[in-house]
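Before any comments, here is the structure.
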Amino acid sequence: MGLVRILLPLPRAAARLAPERGGPLLGAALSHCVTPSWAGLRSPSAARRLAWADEAVAVYRATADEDGLGRALALRAHALLLSGRHEEAYAAAAGVPDQESPALSAFLGDVRAQALAGIGRAEEAVAVAHASVEAYRASSAPDRGDRALGSLPGALRTYGMLLAAVGRSEESLAVYEECAALLAAMSLRELAHVELVRPQVLSELVGVLRALGRYEDALGVGPEARAALRGPLAWAAPEIVLPLRVRLLVDLARCHSATGDPAEAGAYAVEAVAEARKPHGAGELTSALDCLAELRDT
């Protein structure tokens, strides 16, 4: 994706000079830039993704490539989601014409589910997320173009997260455990396409286990979850990884407290506060401070 970004001026020039051939080339390049990708690259800003997606839609509208337009519209809906514009994202995803690609249709379902959750319609989002999971299960192996759009592990993570949000913790745990097992069986090449899903699933699995009172089990997953939040991914997507790390540390602190280890609990809480004081962790600072204060009062 990085090389395509750098070379974008070339297909833009081709589209100006020879629209019939250059237009589809530019549309494909822009769609490639917008497509979710985490492997080794710092993520472009949500605003830049959305600008590329808008341009791709405009380019494809001037061509006869309906498949390309459908893909660009789906990617625009996802870019709106990443921008936090959940109502617009839901409307954009719902407005994409029916797709022949099962993977793209499943991806749109995942976008709709997350958008619904973002506008407070979590109960409705659960059903949409379940349908997305089933669509991924029913689809054959995605081709190269669809592989980077979304995945069964990503859809399972959304489904598990939403089940937890509506209080269906036991069901959420089963989904997270299925997803974790699926990720564990993947090759390094396969994991490259779902690089961000693994730390999300492991850290959120700890939270679900804690919510169910299974503190020892949560502490057992903790080291693997912490390891998944280190390395290149922390550099590539700090705005996502750092809040996950703070929430994980808070969960582990509370688990240590519940199992009678106040010293370890305090150490995790102090680390959580330190991480939350970093720019991308600020949204979790109140939670980390509350945890530390509660542990010091006990």
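Within each chain, counting starts at residue 1; across the structure tokens, chains are named A, B, ... in the order shown, with ligands numbered 1 upward in that order.
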
Determine which residues of region 28-244 of chain A DSSP labels as helix (DSSP H, G or I) from the backbone of this structure, then write them out as a VMD selection string.
chain A and resid 28 to 34 46 to 61 66 to 82 86 to 94 102 to 118 122 to 138 144 to 147 152 to 165 169 to 184 188 to 194 197 to 211 215 to 228 232 to 236 238 to 244

Non-local contacts of Arg121 (chain A) (12 Å; only C-alpha atoms; under 6 positions in same chain excluded) as a CSV table (one decimal) with all heavy atoms, in the first residue's frame:
chain,number,residue,atom,x,y,z
A,86,HIS,N,-20.6,7.6,12.4
A,86,HIS,CA,-21.2,6.3,12.4
A,86,HIS,C,-22.6,6.3,11.7
A,86,HIS,O,-22.9,5.4,10.9
A,86,HIS,CB,-21.5,5.8,13.9
A,86,HIS,CG,-20.2,5.6,14.6
A,86,HIS,ND1,-19.7,6.4,15.6
A,86,HIS,CD2,-19.2,4.7,14.5
A,86,HIS,CE1,-18.6,6.0,16.1
A,86,HIS,NE2,-18.2,4.9,15.4
A,87,GLU,N,-23.3,7.4,11.8
A,87,GLU,CA,-24.6,7.4,11.1
A,87,GLU,C,-24.4,7.5,9.6
A,87,GLU,O,-25.1,6.8,8.8
A,87,GLU,CB,-25.4,8.6,11.6
A,87,GLU,CG,-25.9,8.5,13.0
A,87,GLU,CD,-26.9,9.6,13.4
A,87,GLU,OE1,-27.3,10.4,12.5
A,87,GLU,OE2,-27.3,9.7,14.6
A,90,TYR,N,-23.2,4.0,8.4
A,90,TYR,CA,-24.3,3.0,8.3
A,90,TYR,C,-25.1,3.3,7.0
A,90,TYR,O,-25.4,2.4,6.3
A,90,TYR,CB,-25.2,3.1,9.5
A,90,TYR,CG,-26.4,2.1,9.4
A,90,TYR,CD1,-26.2,0.8,9.5
A,90,TYR,CD2,-27.7,2.6,9.0
A,90,TYR,CE1,-27.3,-0.1,9.4
A,90,TYR,CE2,-28.7,1.7,8.9
A,90,TYR,CZ,-28.5,0.4,9.1
A,90,TYR,OH,-29.6,-0.5,8.9
A,112,ARG,N,-21.7,-2.3,8.8
A,112,ARG,CA,-23.0,-1.9,9.3
A,112,ARG,C,-23.1,-2.2,10.8
A,112,ARG,O,-23.7,-1.4,11.6
A,112,ARG,CB,-24.1,-2.6,8.6
A,112,ARG,CG,-24.3,-2.0,7.2
A,112,ARG,CD,-25.7,-2.5,6.6
A,112,ARG,NE,-25.8,-3.9,6.5
A,112,ARG,CZ,-25.4,-4.7,5.5
A,112,ARG,NH1,-24.8,-4.1,4.4
A,112,ARG,NH2,-25.5,-6.0,5.5
A,113,ALA,N,-22.6,-3.4,11.2
A,113,ALA,CA,-22.7,-3.7,12.7
A,113,ALA,C,-22.0,-2.8,13.5
A,113,ALA,O,-22.5,-2.3,14.6
A,113,ALA,CB,-22.2,-5.2,12.8
A,114,GLN,N,-20.8,-2.4,13.1
A,114,GLN,CA,-20.0,-1.5,14.0
A,114,GLN,C,-20.6,-0.1,14.0
A,114,GLN,O,-20.6,0.6,15.0
A,114,GLN,CB,-18.5,-1.4,13.4
A,114,GLN,CG,-17.8,-2.7,13.6
A,114,GLN,CD,-16.3,-2.6,13.2
A,114,GLN,OE1,-15.6,-1.7,13.7
A,114,GLN,NE2,-15.9,-3.5,12.3
A,115,ALA,N,-21.1,0.3,12.8
A,115,ALA,CA,-21.8,1.6,12.8
A,115,ALA,C,-23.0,1.7,13.6
A,115,ALA,O,-23.3,2.7,14.3
A,115,ALA,CB,-22.1,2.0,11.3
A,127,ALA,N,-27.5,-8.7,15.7
A,127,ALA,CA,-28.0,-9.6,14.6
A,127,ALA,C,-27.3,-9.4,13.3
A,127,ALA,O,-27.0,-10.3,12.5
A,127,ALA,CB,-29.5,-9.3,14.4
A,128,VAL,N,-26.9,-8.1,13.0
A,128,VAL,CA,-26.2,-7.8,11.8
A,128,VAL,C,-24.8,-8.4,11.8
A,128,VAL,O,-24.3,-9.0,10.8
A,128,VAL,CB,-26.1,-6.3,11.6
A,128,VAL,CG1,-25.3,-5.9,10.3
A,128,VAL,CG2,-27.5,-5.7,11.4
A,162,LEU,N,-19.9,-7.1,20.5
A,162,LEU,CA,-21.2,-6.6,20.6
A,162,LEU,C,-22.0,-7.5,21.6
A,162,LEU,O,-22.9,-7.0,22.4
A,162,LEU,CB,-21.9,-6.6,19.2
A,162,LEU,CG,-21.4,-5.6,18.3
A,162,LEU,CD1,-21.9,-5.8,16.9
A,162,LEU,CD2,-21.7,-4.2,18.8
A,165,ALA,N,-21.2,-6.2,24.9
A,165,ALA,CA,-21.8,-4.9,25.1
A,165,ALA,C,-23.3,-5.0,25.6
A,165,ALA,O,-23.8,-4.1,26.3
A,165,ALA,CB,-21.7,-4.1,23.9
A,166,VAL,N,-24.0,-6.0,25.1
A,166,VAL,CA,-25.4,-6.2,25.5
A,166,VAL,C,-25.6,-7.2,26.7
A,166,VAL,O,-26.7,-7.6,27.0
A,166,VAL,CB,-26.3,-6.6,24.3
A,166,VAL,CG1,-26.2,-5.6,23.2
A,166,VAL,CG2,-25.8,-8.0,23.8

Ranking A:Val111, A:Val250, A:Ala92, A:Leu196 by minimum distance to Pro232 (chain A) and counting only C-alpha atoms, which one comes first?
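Ranking A:Val111, A:Val250, A:Ala92, A:Leu196 by distance to Pro232 (chain A), first place goes to A:Leu196.
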
Restricting the calculation to only C-alpha atoms, which member of A:Pro238, A:Pro243, A:Gly213, A:Gly70 is positioned closest to Ala274 (chain A)?
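Once distances to Ala274 (chain A) are computed over only C-alpha atoms, the minimum belongs to A:Pro243.
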
Could you tell me how far CA of Val34 (chain A) sits from CA of Leu50 (chain A), in Å to one decimal place?
7.7 Å

So how many Å separate CA of Tyr60 (chain A) and CA of Gly27 (chain A), to one decimal?
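Interatomic distance here is 6.1 Å.
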
Å distance separating CA of Ala91 (chain A) from CA of Gly109 (chain A), one decimal place:
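Here the two named atoms are 12.0 Å from each other.
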
For Ile240 (chain A), which residue out of A:Ala282, A:Val96, A:Leu80, A:Ala164 is the nearest one, using only C-alpha atoms?
A:Ala282

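Among the candidates A:Arg85, A:Ala180, A:Gly220, A:Glu100, the residue lying nearest to Glu66 (chain A) is A:Glu100 (atoms considered: only C-alpha atoms).
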
Go through A:Gly68, A:Gly154, A:Pro262, A:Gly84 and flag the residue nearest Arg198 (chain A), using only C-alpha atoms for the distances.
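Smallest distance to Arg198 (chain A) is found for A:Gly154.
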
Which residue out of A:Asp261, A:Glu271, A:Glu124, A:Glu195 has the minimum interatomic distance to Ala234 (chain A) when only C-alpha atoms are used?
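Answer, going by the shortest atom-to-atom distance: A:Glu195.
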